[in-house]
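Engineer: Handing over work16.cif, mmCIF, C-alpha atoms.
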```cif
data_work
loop_
_atom_site.label_atom_id
_atom_site.label_comp_id
_atom_site.auth_asym_id
_atom_site.auth_seq_id
_atom_site.Cartn_x
_atom_site.Cartn_y
_atom_site.Cartn_z
CA MET K 1 4.54 -65.93 25.44
CA ASN K 2 3.61 -64.67 22.01
CA PRO K 3 0.18 -62.94 22.27
CA LEU K 4 -0.88 -64.46 18.95
CA LEU K 5 -0.16 -67.95 20.29
CA GLU K 6 -2.06 -67.13 23.51
CA LEU K 7 -5.03 -66.16 21.32
CA ALA K 8 -4.83 -69.52 19.48
CA ASP K 9 -4.75 -71.45 22.77
CA THR K 10 -7.70 -69.46 24.14
CA ILE K 11 -9.84 -70.16 21.07
CA THR K 12 -8.99 -73.88 21.21
CA ALA K 13 -9.91 -74.03 24.91
CA LYS K 14 -13.29 -72.33 24.33
CA MET K 15 -14.24 -74.72 21.52
CA PRO K 16 -13.71 -78.27 22.89
CA PHE K 17 -16.37 -79.68 20.52
CA LEU K 18 -13.91 -79.21 17.65
CA ASN K 19 -11.98 -82.18 19.03
CA GLU K 20 -15.06 -84.43 19.33
CA GLY K 21 -17.04 -86.59 16.92
CA ILE K 22 -16.45 -86.01 13.21
CA PHE K 23 -14.18 -83.13 14.02
CA ALA K 24 -11.76 -85.51 15.72
CA ILE K 25 -10.96 -87.36 12.47
CA ARG K 26 -7.31 -86.69 11.71
CA PHE K 27 -5.54 -85.93 8.45
CA PHE K 28 -1.76 -85.58 8.26
CA GLY K 29 -1.55 -85.50 12.06
CA SER K 30 -4.22 -82.79 12.62
CA SER K 31 -7.94 -83.16 13.29
CA ILE K 32 -10.66 -81.76 11.01
CA GLY K 33 -11.52 -79.30 13.80
CA GLU K 34 -7.94 -78.03 13.90
CA LEU K 35 -7.86 -77.71 10.11
CA LEU K 36 -11.13 -75.77 10.20
CA LEU K 37 -9.68 -73.42 12.83
CA CYS K 38 -6.63 -72.87 10.64
CA ILE K 39 -8.80 -72.06 7.60
CA ALA K 40 -11.12 -69.89 9.71
CA SER K 41 -8.11 -67.93 11.00
CA ILE K 42 -6.93 -67.20 7.47
CA LEU K 43 -10.43 -66.20 6.31
CA PHE K 44 -11.08 -64.07 9.40
CA PHE K 45 -7.91 -62.03 9.04
CA THR K 46 -8.36 -61.74 5.26
CA ILE K 47 -11.87 -60.31 5.71
CA ALA K 48 -10.65 -58.11 8.56
CA GLY K 49 -7.84 -56.87 6.33
CA LYS K 50 -10.33 -56.00 3.58
CA ILE K 51 -12.49 -54.03 6.03
CA ILE K 52 -9.53 -52.23 7.61
CA MET K 53 -7.98 -51.35 4.24
CA TYR K 54 -11.35 -50.13 2.96
CA ALA K 55 -11.64 -47.82 5.95
CA PHE K 56 -7.99 -46.82 5.55
CA GLN K 57 -8.44 -45.90 1.91
CA LYS K 58 -11.76 -44.15 2.45
CA TYR K 59 -11.06 -42.08 5.54
CA VAL K 60 -7.30 -41.65 5.60
CA HIS K 61 -7.24 -40.94 1.87
CA ALA K 62 -10.00 -38.37 2.37
CA ILE K 63 -7.98 -36.68 5.11
CA ALA K 64 -4.85 -36.73 2.93
CA LYS K 65 -6.73 -35.09 0.05
CA LYS K 66 -7.62 -32.13 2.28
CA THR K 67 -3.97 -31.26 2.83
CA SER K 68 -2.06 -29.04 0.41
CA ASN K 69 0.82 -31.51 0.28
CA GLU K 70 0.33 -34.29 -2.29
CA PHE K 71 2.99 -36.53 -0.79
CA ASP K 72 0.65 -37.92 1.86
CA ASP K 73 -1.77 -38.95 -0.92
CA LEU K 74 1.14 -40.74 -2.53
CA VAL K 75 2.01 -42.55 0.72
CA VAL K 76 -1.59 -43.73 1.17
CA GLU K 77 -1.71 -45.02 -2.41
CA VAL K 78 1.68 -46.73 -2.13
CA LEU K 79 0.90 -48.51 1.17
CA SER K 80 -2.69 -49.60 0.49
CA THR K 81 -2.12 -52.79 -1.54
CA PRO K 82 1.01 -54.20 0.18
CA LEU K 83 -0.35 -53.63 3.70
CA PHE K 84 -3.46 -55.69 3.00
CA TRP K 85 -1.43 -58.85 2.43
CA PHE K 86 -0.03 -58.73 5.96
CA PHE K 87 -3.48 -59.66 7.33
CA PRO K 88 -3.79 -63.06 5.56
CA LEU K 89 -0.17 -63.65 6.56
CA ILE K 90 -1.02 -63.08 10.23
CA GLY K 91 -4.06 -65.35 9.85
CA PHE K 92 -1.89 -68.08 8.36
CA TYR K 93 0.67 -67.67 11.15
CA ILE K 94 -2.00 -68.07 13.86
CA GLY K 95 -3.72 -70.88 11.96
CA LEU K 96 -0.54 -72.94 11.90
CA HIS K 97 -0.57 -73.07 15.70
CA PHE K 98 -3.99 -74.73 15.73
CA LEU K 99 -2.44 -77.71 13.93
CA GLU K 100 -0.52 -80.62 15.43
CA LEU K 101 2.81 -80.14 13.70
CA SER K 102 6.30 -81.17 14.63
CA GLN K 103 8.74 -78.45 15.62
CA ALA K 104 10.65 -78.96 12.37
CA TYR K 105 7.53 -78.20 10.29
CA ILE K 106 6.69 -75.21 12.48
CA ASP K 107 10.20 -73.81 12.06
CA LEU K 108 10.02 -74.35 8.31
CA ALA K 109 6.59 -72.69 8.09
CA ASN K 110 7.78 -69.76 10.21
CA GLY K 111 10.80 -69.37 7.94
CA VAL K 112 8.60 -69.32 4.85
CA LEU K 113 6.27 -66.79 6.48
CA PHE K 114 9.25 -64.64 7.42
CA ALA K 115 10.49 -64.74 3.82
CA VAL K 116 7.03 -63.78 2.51
CA ALA K 117 6.81 -60.95 5.05
CA ALA K 118 10.26 -59.77 3.95
CA LEU K 119 9.07 -59.77 0.32
CA LEU K 120 6.02 -57.71 1.30
CA ILE K 121 8.22 -55.22 3.15
CA THR K 122 10.49 -55.12 0.10
CA TRP K 123 7.45 -54.43 -2.06
CA VAL K 124 6.54 -51.52 0.22
CA PHE K 125 10.05 -50.09 0.04
CA LEU K 126 10.20 -50.47 -3.75
CA ARG K 127 6.89 -48.66 -4.13
CA ILE K 128 8.07 -45.92 -1.76
CA ILE K 129 11.24 -45.52 -3.86
CA ASP K 130 9.15 -45.22 -7.04
CA GLY K 131 6.76 -42.81 -5.37
CA ALA K 132 9.49 -40.61 -3.90
CA ILE K 133 11.32 -40.44 -7.24
CA ASN K 134 8.11 -39.66 -9.13
CA PHE K 135 7.08 -37.03 -6.57
CA PHE K 136 10.39 -35.32 -5.84
CA LEU K 137 13.07 -36.04 -8.45
CA ILE K 138 11.13 -36.14 -11.73
CA PRO K 139 9.45 -32.71 -11.22
CA LEU K 140 12.84 -31.33 -10.16
CA ALA K 141 14.48 -32.74 -13.29
CA GLU K 142 11.73 -31.31 -15.50
CA LYS K 143 12.53 -27.82 -14.21
CA THR K 144 16.15 -28.01 -15.39
CA LYS K 145 17.21 -27.29 -18.95
CA SER K 146 19.56 -30.26 -19.10
CA ASP K 147 18.30 -33.69 -20.13
CA LEU K 148 21.18 -35.46 -18.38
CA ASP K 149 19.38 -35.59 -15.04
CA ASP K 150 16.41 -37.18 -16.81
CA GLN K 151 18.74 -40.00 -17.86
CA LEU K 152 20.24 -40.22 -14.37
CA ILE K 153 16.86 -40.86 -12.70
CA PRO K 154 16.37 -44.42 -14.11
CA VAL K 155 19.93 -45.28 -13.09
CA LEU K 156 19.31 -44.00 -9.55
CA ARG K 157 15.98 -45.81 -9.38
CA ASN K 158 17.51 -49.15 -10.41
CA THR K 159 20.47 -48.70 -8.04
CA LEU K 160 18.23 -48.04 -5.04
CA LYS K 161 16.01 -51.00 -5.90
CA ALA K 162 18.97 -53.33 -6.36
CA GLY K 163 20.45 -52.21 -3.04
CA THR K 164 17.13 -52.83 -1.28
CA LEU K 165 16.80 -56.32 -2.76
CA ILE K 166 20.36 -57.25 -1.75
CA MET K 167 19.79 -56.07 1.85
CA VAL K 168 16.54 -58.02 2.16
CA LEU K 169 18.19 -61.13 0.71
CA LEU K 170 20.98 -60.92 3.30
CA VAL K 171 18.43 -60.51 6.13
CA VAL K 172 16.44 -63.55 4.95
CA LEU K 173 19.59 -65.66 4.63
CA SER K 174 20.62 -64.60 8.13
CA HIS K 175 17.19 -65.60 9.48
CA PHE K 176 17.61 -69.09 8.06
CA GLY K 177 20.89 -69.42 9.94
CA ILE K 178 23.20 -68.80 7.02
CA ASP K 179 26.30 -66.88 8.07
CA ILE K 180 26.32 -63.83 5.82
CA ILE K 181 29.71 -62.52 7.02
CA PRO K 182 31.68 -64.87 4.73
CA ALA K 183 29.27 -64.01 1.93
CA ILE K 184 29.90 -60.29 2.45
CA ALA K 185 33.64 -60.92 2.66
CA GLY K 186 33.44 -63.03 -0.49
CA LEU K 187 31.58 -60.25 -2.22
CA GLY K 188 34.33 -57.86 -1.16
CA ILE K 189 37.12 -60.08 -2.49
CA GLY K 190 35.14 -60.88 -5.62
CA GLY K 191 34.39 -57.21 -6.07
CA LEU K 192 38.09 -56.38 -5.78
CA ALA K 193 38.96 -58.99 -8.40
CA LEU K 194 36.17 -57.76 -10.60
CA ALA K 195 37.40 -54.20 -10.18
CA PHE K 196 40.83 -55.16 -11.53
CA ALA K 197 39.29 -57.11 -14.39
CA ALA K 198 36.81 -54.39 -15.31
CA LYS K 199 38.84 -51.28 -14.50
CA GLU K 200 38.02 -49.71 -17.87
CA THR K 201 34.31 -50.25 -17.30
CA ILE K 202 34.57 -48.74 -13.82
CA ALA K 203 36.51 -45.78 -15.27
CA ASP K 204 33.71 -45.30 -17.81
CA VAL K 205 31.07 -45.39 -15.05
CA PHE K 206 32.93 -42.79 -12.98
CA GLY K 207 33.34 -40.75 -16.15
CA GLY K 208 29.57 -40.93 -16.64
CA ILE K 209 28.98 -39.78 -13.06
CA SER K 210 31.37 -36.88 -13.71
CA ILE K 211 29.39 -35.90 -16.80
CA PHE K 212 26.08 -36.12 -14.92
CA THR K 213 27.36 -33.93 -12.08
CA SER K 214 29.35 -31.34 -14.03
CA ARG K 215 26.93 -31.14 -16.99
CA PRO K 216 29.33 -29.86 -19.66
CA PHE K 217 26.60 -30.42 -22.26
CA LYS K 218 23.02 -31.60 -22.62
CA LEU K 219 21.21 -33.76 -25.12
CA GLY K 220 20.92 -31.99 -28.45
CA ASP K 221 24.01 -29.80 -27.94
CA TRP K 222 26.53 -29.57 -30.74
CA VAL K 223 29.91 -30.42 -29.25
CA LYS K 224 33.45 -31.31 -30.17
CA VAL K 225 34.89 -33.94 -27.86
CA ALA K 226 37.65 -36.54 -28.24
CA GLY K 227 38.18 -35.39 -31.83
CA VAL K 228 34.51 -35.91 -32.79
CA SER K 229 32.12 -33.10 -33.73
CA GLY K 230 28.38 -33.57 -33.74
CA THR K 231 25.14 -33.56 -31.80
CA VAL K 232 24.85 -35.32 -28.43
CA LYS K 233 22.20 -38.05 -28.80
CA GLU K 234 22.65 -40.12 -25.64
CA VAL K 235 24.60 -40.02 -22.37
CA GLY K 236 24.71 -43.28 -20.43
CA LEU K 237 26.75 -44.44 -17.46
CA ARG K 238 29.35 -46.11 -19.71
CA HIS K 239 29.34 -44.19 -22.98
CA THR K 240 28.23 -41.09 -24.80
CA ARG K 241 26.78 -41.22 -28.32
CA ILE K 242 27.33 -38.35 -30.73
CA LYS K 243 25.73 -38.01 -34.16
CA ALA K 244 28.43 -36.64 -36.44
CA LEU K 245 27.80 -34.26 -39.35
CA ASP K 246 27.92 -37.15 -41.82
CA LYS K 247 25.06 -38.85 -39.85
CA ARG K 248 27.38 -41.46 -38.29
CA LEU K 249 26.56 -42.40 -34.69
CA VAL K 250 29.84 -42.35 -32.77
CA THR K 251 30.06 -44.06 -29.36
CA ILE K 252 32.74 -42.68 -27.04
CA PRO K 253 33.63 -44.21 -23.64
CA ASN K 254 32.82 -41.80 -20.84
CA SER K 255 36.34 -42.10 -19.44
CA LYS K 256 37.65 -40.49 -22.66
CA VAL K 257 34.90 -37.88 -22.64
CA ALA K 258 35.63 -36.90 -19.04
CA SER K 259 39.40 -36.69 -19.63
CA SER K 260 39.31 -34.80 -22.94
CA ILE K 261 38.76 -31.14 -23.72
CA ILE K 262 35.04 -30.59 -24.36
CA GLU K 263 34.06 -27.77 -26.69
CA ASN K 264 30.35 -27.02 -26.42
CA ILE K 265 29.73 -25.15 -29.64
CA SER K 266 26.03 -24.72 -28.86
CA LYS K 267 26.90 -22.61 -25.81
CA ALA K 268 28.69 -20.03 -27.94
CA PRO K 269 26.55 -16.90 -28.42
CA ARG K 270 27.26 -16.93 -32.18
CA LYS K 271 28.58 -19.37 -34.75
CA MET K 272 31.76 -17.98 -36.33
CA THR K 273 32.34 -18.80 -40.00
CA GLU K 274 35.45 -17.98 -42.00
CA ILE K 275 35.84 -17.95 -45.77
CA THR K 276 38.85 -17.22 -47.99
CA ILE K 277 38.20 -15.87 -51.49
CA GLY K 278 40.95 -15.94 -54.09
CA LEU K 279 40.90 -13.38 -56.91
CA THR K 280 43.12 -13.37 -59.98
CA TYR K 281 46.43 -11.47 -59.89
CA ASP K 282 45.22 -8.98 -62.51
CA THR K 283 42.65 -7.68 -59.99
CA SER K 284 43.42 -4.02 -59.28
CA VAL K 285 43.57 -2.46 -55.81
CA LYS K 286 40.36 -0.59 -56.61
CA GLU K 287 38.63 -3.83 -57.52
CA MET K 288 39.93 -5.42 -54.33
CA GLY K 289 38.28 -2.63 -52.35
CA LYS K 290 35.09 -3.13 -54.33
CA ALA K 291 35.12 -6.88 -53.53
CA MET K 292 35.56 -6.21 -49.81
CA LYS K 293 32.70 -3.68 -49.93
CA ILE K 294 30.40 -6.25 -51.60
CA LEU K 295 31.25 -8.82 -48.94
CA ARG K 296 30.42 -6.37 -46.15
CA GLU K 297 27.11 -5.45 -47.79
CA ILE K 298 26.08 -9.10 -48.16
CA ILE K 299 26.54 -9.77 -44.45
CA ASN K 300 25.09 -6.47 -43.20
CA GLU K 301 21.93 -7.02 -45.24
CA ARG K 302 21.15 -10.29 -43.46
CA ASP K 303 19.15 -10.42 -40.22
CA ASP K 304 20.54 -13.82 -39.31
CA CYS K 305 24.18 -12.59 -39.21
CA GLU K 306 25.93 -10.00 -37.07
CA ASP K 307 26.76 -6.70 -38.80
CA GLU K 308 30.28 -5.57 -39.63
CA PRO K 309 32.15 -8.76 -40.48
CA LEU K 310 35.94 -8.90 -40.27
CA ILE K 311 37.31 -8.54 -43.83
CA VAL K 312 41.05 -8.29 -44.62
CA PHE K 313 43.44 -8.67 -47.53
CA LYS K 314 44.93 -11.88 -46.26
CA GLU K 315 47.83 -12.89 -48.49
CA PHE K 316 49.51 -13.23 -51.85
CA ALA K 317 49.01 -16.91 -52.64
CA ASP K 318 50.62 -18.92 -55.43
CA SER K 319 47.81 -18.34 -57.90
CA SER K 320 45.62 -15.70 -56.29
CA VAL K 321 45.36 -12.67 -54.06
CA ASN K 322 43.26 -13.80 -51.09
CA ILE K 323 40.60 -11.94 -49.13
CA MET K 324 39.58 -13.45 -45.79
CA MET K 325 36.12 -12.75 -44.35
CA ARG K 326 35.09 -13.82 -40.86
CA TYR K 327 31.44 -13.38 -39.93
CA TRP K 328 29.12 -14.56 -37.14
CA ILE K 329 25.83 -16.39 -37.69
CA ILE K 330 23.09 -15.70 -35.15
CA LYS K 331 20.88 -18.70 -35.93
CA LYS K 332 23.39 -21.41 -35.07
CA SER K 333 20.99 -24.24 -35.83
CA GLU K 334 20.76 -23.06 -39.46
CA PHE K 335 24.39 -22.20 -40.08
CA MET K 336 24.76 -24.67 -42.98
CA ARG K 337 21.85 -23.09 -44.86
CA ILE K 338 22.98 -19.55 -44.07
CA ARG K 339 26.57 -20.21 -45.13
CA SER K 340 25.33 -21.70 -48.42
CA GLU K 341 23.14 -18.66 -49.09
CA VAL K 342 26.03 -16.29 -48.31
CA ASN K 343 28.39 -18.16 -50.67
CA THR K 344 25.76 -18.16 -53.43
CA GLU K 345 25.25 -14.42 -53.06
CA ILE K 346 29.01 -13.81 -53.18
CA LYS K 347 29.30 -15.73 -56.45
CA LYS K 348 26.33 -13.89 -57.96
CA ARG K 349 27.51 -10.38 -57.05
CA PHE K 350 31.15 -11.01 -57.94
CA ASP K 351 30.12 -12.26 -61.39
CA LYS K 352 27.94 -9.19 -61.86
CA ALA K 353 30.80 -6.87 -60.80
CA GLY K 354 33.26 -8.58 -63.16
CA LEU K 355 35.47 -9.88 -60.34
CA ASN K 356 37.23 -13.05 -61.41
CA PHE K 357 37.88 -15.95 -59.05
CA ALA K 358 41.33 -17.39 -59.37
CA PHE K 359 42.22 -20.96 -60.17
CA PRO K 360 45.64 -22.63 -60.03
CA THR K 361 47.87 -21.27 -62.80
CA GLN K 362 51.51 -21.56 -63.71
CA THR K 363 53.72 -19.16 -65.67
CA ILE K 364 56.62 -20.73 -67.62
CA TYR K 365 59.58 -18.65 -68.84
CA LEU K 366 61.67 -20.06 -71.75
CA GLU K 367 65.26 -19.01 -72.22
CA LYS K 368 66.43 -18.34 -75.81
#
```
Let's see the structure in the file written out as C-alpha cells.

Structural biologist:
Amino acid sequence: MNPLLELADTITAKMPFLNEGIFAIRFFGSSIGELLLCIASILFFTIAGKIIMYAFQKYVHAIAKKTSNEFDDLVVEVLSTPLFWFFPLIGFYIGLHFLELSQAYIDLANGVLFAVAALLITWVFLRIIDGAINFFLIPLAEKTKSDLDDQLIPVLRNTLKAGTLIMVLLVVLSHFGIDIIPAIAGLGIGGLALAFAAKETIADVFGGISIFTSRPFKLGDWVKVAGVSGTVKEVGLRHTRIKALDKRLVTIPNSKVASSIIENISKAPRKMTEITIGLTYDTSVKEMGKAMKILREIINERDDCEDEPLIVFKEFADSSVNIMMRYWIIKKSEFMRIRSEVNTEIKKRFDKAGLNFAFPTQTIYLEK
C-alpha cells in the first residue's frame, strides 16, 4: 500500500471525534471533519515545506558558497523555488484521501496532480537549462572573438526548452491513457510533408548551422558574398543581413550564403587600392618619371599606408597615357577617407608640377 495513504488512514483512526457531532455534518459527500483533515494536510505540508526550504537555503547555500565552484550555488538557487511547491502538492494528495470521493473523482484528481507535478518538474528543468547556459555557454562565448556564437545561444536555449516541453506533454498525455505512438507517427508523417513543403526554409536553417559552425565571418566584418559587398549586421538561422556601402540592408538566405564563395575582406592584412591616372599625350618621358616619383612620395609619406607602392606605365589609351598605382592601406576601417586624401594630394601636386590630366579628345584629319 502507498505509505502516504497508510498515513492518512492512521490519522483518521486516531481521531474518531472528527466523525462525531458537528464534524459529522456532510458537504458534497464528505464530513466537516474530513474536510478539515484535508485542509490541515495542505497547511501542514505547506508550512513544513517553508521550514525545510528555509533550512535548505540557509545551510546548503552556505555550504555551497564555501566551495570554489560557483555551479553548486547556481543549482541551489535554481532548485529553491520549484522544490517548495512539491510540499503543498503532497499535502493536497494526502488530503484528498481523507475525503469520501468516488473512484472517478480520485482518478481525475490524481491526474490533475500528476500534470501539476509534471509542470513543476518542467519548471525545474527549464531553470536548469537557463542556469547551465548562463554558467557555461555564455562565459565561453564571451571569450571568443566571433559574435556568431552569441547569436547561437538563444537559438540553442529555445530549442532545448521546446524539446523539454514536448517530452513532458507526451508523458502527461500517456499518463491520461492517450496513445502517443500514433501521435508520434503522425508527427513523423506531418514532419515529412512539412519538410517537402518547406525545403527552402530547411536548407536555409542548415545553411545557418553551417555558418555558425564554420564561422567564415563575424558580426561587423566587411565581406563580399553572393554578389553583395558590405558589413555583416545580423546572422540568424534563416538569413544573413549585410549593410551595403550605399546603406541598404540586404537580406540573403543562408542557403545561398553557405553555397557561395565568401570573401572576408576584413580578414585581409591590408586593404589594396588601385588607381589609374591618365596624362595627356604631350607628356614627355621625363615628366612621366616625375609623375611616378610624386605618386611614390605621396604614399611613402603616409603612416596609414604601406611604403613602396606598385607604380607602372600601364598603357597607351585612346586619349591618354595611363599610369597605374596599386597601394595598400593599413587602417582598413578608414580606407574611404584615406583614399580621398591620397587622390586630393595627387591632384594638388600634379597641378603644382604642371602635369596635365587627360580628357577624351579626338583628332580629325581632312583630305584636300

Engineer: Hey, what's within 12 Å of K:Phe87 if we count only C-alpha atoms and toss same-chain stuff fewer than 6 positions away? As a ChimeraX atom specification, please?

Structural biologist: /K:41-53,81,93-94,117,120

Engineer: Calculated over all atoms listed in the file, which of the candidates K:Val78, K:Val342, K:Leu237, K:Ile311 has the smallest distance to K:Ile298?

Structural biologist: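 Answer, going by the shortest atom-to-atom distance: K:Val342.
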
Engineer: Once the PyMOL selection byres ((chain K and resi 127) around 12) has been evaluated on this model, what residues remain selected, and can you format them as a PDB file with C-alpha atoms, in the coordinates of the input?

Structural biologist:
```pdb
ATOM      1  CA  LEU K  74       1.140 -40.740  -2.530  1.00  0.00           C
ATOM      2  CA  VAL K  75       2.010 -42.550   0.720  1.00  0.00           C
ATOM      3  CA  VAL K  76      -1.590 -43.730   1.170  1.00  0.00           C
ATOM      4  CA  GLU K  77      -1.710 -45.020  -2.410  1.00  0.00           C
ATOM      5  CA  VAL K  78       1.680 -46.730  -2.130  1.00  0.00           C
ATOM      6  CA  LEU K  79       0.900 -48.510   1.170  1.00  0.00           C
ATOM      7  CA  SER K  80      -2.690 -49.600   0.490  1.00  0.00           C
ATOM      8  CA  THR K  81      -2.120 -52.790  -1.540  1.00  0.00           C
ATOM      9  CA  PRO K  82       1.010 -54.200   0.180  1.00  0.00           C
ATOM     10  CA  LEU K  83      -0.350 -53.630   3.700  1.00  0.00           C
ATOM     11  CA  LEU K 120       6.020 -57.710   1.300  1.00  0.00           C
ATOM     12  CA  ILE K 121       8.220 -55.220   3.150  1.00  0.00           C
ATOM     13  CA  THR K 122      10.490 -55.120   0.100  1.00  0.00           C
ATOM     14  CA  TRP K 123       7.450 -54.430  -2.060  1.00  0.00           C
ATOM     15  CA  VAL K 124       6.540 -51.520   0.220  1.00  0.00           C
ATOM     16  CA  PHE K 125      10.050 -50.090   0.040  1.00  0.00           C
ATOM     17  CA  LEU K 126      10.200 -50.470  -3.750  1.00  0.00           C
ATOM     18  CA  ILE K 128       8.070 -45.920  -1.760  1.00  0.00           C
ATOM     19  CA  ILE K 129      11.240 -45.520  -3.860  1.00  0.00           C
ATOM     20  CA  ASP K 130       9.150 -45.220  -7.040  1.00  0.00           C
ATOM     21  CA  GLY K 131       6.760 -42.810  -5.370  1.00  0.00           C
ATOM     22  CA  ALA K 132       9.490 -40.610  -3.900  1.00  0.00           C
ATOM     23  CA  ILE K 133      11.320 -40.440  -7.240  1.00  0.00           C
ATOM     24  CA  ASN K 134       8.110 -39.660  -9.130  1.00  0.00           C
ATOM     25  CA  PHE K 135       7.080 -37.030  -6.570  1.00  0.00           C
ATOM     26  CA  ARG K 157      15.980 -45.810  -9.380  1.00  0.00           C
ATOM     27  CA  LEU K 160      18.230 -48.040  -5.040  1.00  0.00           C
ATOM     28  CA  LYS K 161      16.010 -51.000  -5.900  1.00  0.00           C
ATOM     29  CA  THR K 164      17.130 -52.830  -1.280  1.00  0.00           C
TER      30      THR K 164
END
```

Engineer: Could you expand the PyMOL selection byres ((chain K and resi 339) around 12) into the explicit residues it covers here, written as a VMD selection string?

Structural biologist: chain K and resid 271 to 275 298 to 299 302 304 to 305 326 to 338 340 to 346

Engineer: Can you work out the spacing between atom CA of K:Val205 and atom CA of K:Ser255 in Å, to one decimal?

Structural biologist: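 Pair atom CA of K:Val205 / atom CA of K:Ser255 returns 7.6 Å.
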
Engineer: Residues picked by the PyMOL selection byres ((chain K and resi 256) around 10) here, as number ranges by chain?

Structural biologist: K: 203-204, 207, 225-226, 239-240, 252-255, 257-261

Engineer: Please indicate the distance in Å from atom CA of K:Arg248 to atom CA of K:Phe212, rounded to one decimal place.

Structural biologist: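 Straight-line distance from atom CA of K:Arg248 to atom CA of K:Phe212 works out to 24.0 Å.
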
Engineer: Give me, please, the distance in Å between atom CA of K:Lys233 and atom CA of K:Asn158, quoted to one decimal.

Structural biologist: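 Atom-to-atom, atom CA of K:Lys233 to atom CA of K:Asn158, that is 22.0 Å.
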
Engineer: Draw an axis-aligned box over all listed atoms of stretch 78-82 of chain K, pad each side with 5 Å, and write its centre and edge lengths in Å, one decimal, as AutoDock Vina command-line options.

Structural biologist:
```
--center_x -0.5 --center_y -50.5 --center_z -0.5 --size_x 14.4 --size_y 17.5 --size_z 13.3
```

Engineer: With distances taken over only C-alpha atoms, which residue among K:Ile32, K:Leu245, K:Lys347, K:Phe176 lies nearest K:Leu295?

Structural biologist: K:Lys347

Engineer: Under the rule that all atoms listed in the file are counted, which of K:Leu249, K:Arg241, K:Thr280, K:Ala115 is the nearest residue to K:Val168?

Structural biologist: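 Going through K:Leu249, K:Arg241, K:Thr280, K:Ala115 one by one, the smallest distance to K:Val168 is for K:Ala115.
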
Engineer: Which one is closest to K:Met292: K:Glu234, K:Leu355, K:Lys243, K:Phe56? Count all atoms listed in the file.

Structural biologist: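 Of K:Glu234, K:Leu355, K:Lys243, K:Phe56, the one nearest K:Met292, counting all atoms listed in the file, is K:Leu355.
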
Engineer: Write out as a PyMOL selection string each polymer residue whose atoms come within 10 Å of K:Lys247, counting all atoms listed in the file; drop sequence neighbours fewer than 5 positions from it.

Structural biologist: chain K and resi 230-231+242

Engineer: Please output stretch 345-356 of chain K, rebuilt to include N, CA and C atoms, as a PDB file, keeping the file's coordinate frame.

Structural biologist:
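Below is the file that was written, out-v6.pdb:
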```
ATOM      1  N   GLU K 345      25.369 -15.858 -52.796  1.00  0.00           N
ATOM      2  CA  GLU K 345      25.250 -14.420 -53.060  1.00  0.00           C
ATOM      3  C   GLU K 345      26.597 -13.811 -53.433  1.00  0.00           C
ATOM      4  N   ILE K 346      27.670 -14.301 -52.818  1.00  0.00           N
ATOM      5  CA  ILE K 346      29.010 -13.810 -53.180  1.00  0.00           C
ATOM      6  C   ILE K 346      29.311 -14.125 -54.644  1.00  0.00           C
ATOM      7  N   LYS K 347      29.038 -15.347 -55.058  1.00  0.00           N
ATOM      8  CA  LYS K 347      29.300 -15.730 -56.450  1.00  0.00           C
ATOM      9  C   LYS K 347      28.476 -14.885 -57.413  1.00  0.00           C
ATOM     10  N   LYS K 348      27.205 -14.654 -57.084  1.00  0.00           N
ATOM     11  CA  LYS K 348      26.330 -13.890 -57.960  1.00  0.00           C
ATOM     12  C   LYS K 348      26.793 -12.443 -58.097  1.00  0.00           C
ATOM     13  N   ARG K 349      27.139 -11.798 -56.997  1.00  0.00           N
ATOM     14  CA  ARG K 349      27.510 -10.380 -57.050  1.00  0.00           C
ATOM     15  C   ARG K 349      28.909 -10.187 -57.626  1.00  0.00           C
ATOM     16  N   PHE K 350      29.808 -11.132 -57.356  1.00  0.00           N
ATOM     17  CA  PHE K 350      31.150 -11.010 -57.940  1.00  0.00           C
ATOM     18  C   PHE K 350      31.082 -11.168 -59.453  1.00  0.00           C
ATOM     19  N   ASP K 351      30.275 -12.087 -59.944  1.00  0.00           N
ATOM     20  CA  ASP K 351      30.120 -12.260 -61.390  1.00  0.00           C
ATOM     21  C   ASP K 351      29.551 -11.003 -62.016  1.00  0.00           C
ATOM     22  N   LYS K 352      28.564 -10.409 -61.341  1.00  0.00           N
ATOM     23  CA  LYS K 352      27.940  -9.190 -61.860  1.00  0.00           C
ATOM     24  C   LYS K 352      28.921  -8.027 -61.884  1.00  0.00           C
ATOM     25  N   ALA K 353      29.826  -7.966 -60.878  1.00  0.00           N
ATOM     26  CA  ALA K 353      30.800  -6.870 -60.800  1.00  0.00           C
ATOM     27  C   ALA K 353      32.030  -7.129 -61.658  1.00  0.00           C
ATOM     28  N   GLY K 354      32.098  -8.277 -62.304  1.00  0.00           N
ATOM     29  CA  GLY K 354      33.260  -8.580 -63.160  1.00  0.00           C
ATOM     30  C   GLY K 354      34.501  -8.952 -62.381  1.00  0.00           C
ATOM     31  N   LEU K 355      34.335  -9.449 -61.153  1.00  0.00           N
ATOM     32  CA  LEU K 355      35.470  -9.880 -60.340  1.00  0.00           C
ATOM     33  C   LEU K 355      35.711 -11.370 -60.575  1.00  0.00           C
ATOM     34  N   ASN K 356      36.920 -11.683 -60.988  1.00  0.00           N
ATOM     35  CA  ASN K 356      37.230 -13.050 -61.410  1.00  0.00           C
ATOM     36  C   ASN K 356      37.860 -13.859 -60.278  1.00  0.00           C
TER      37      ASN K 356
END
```
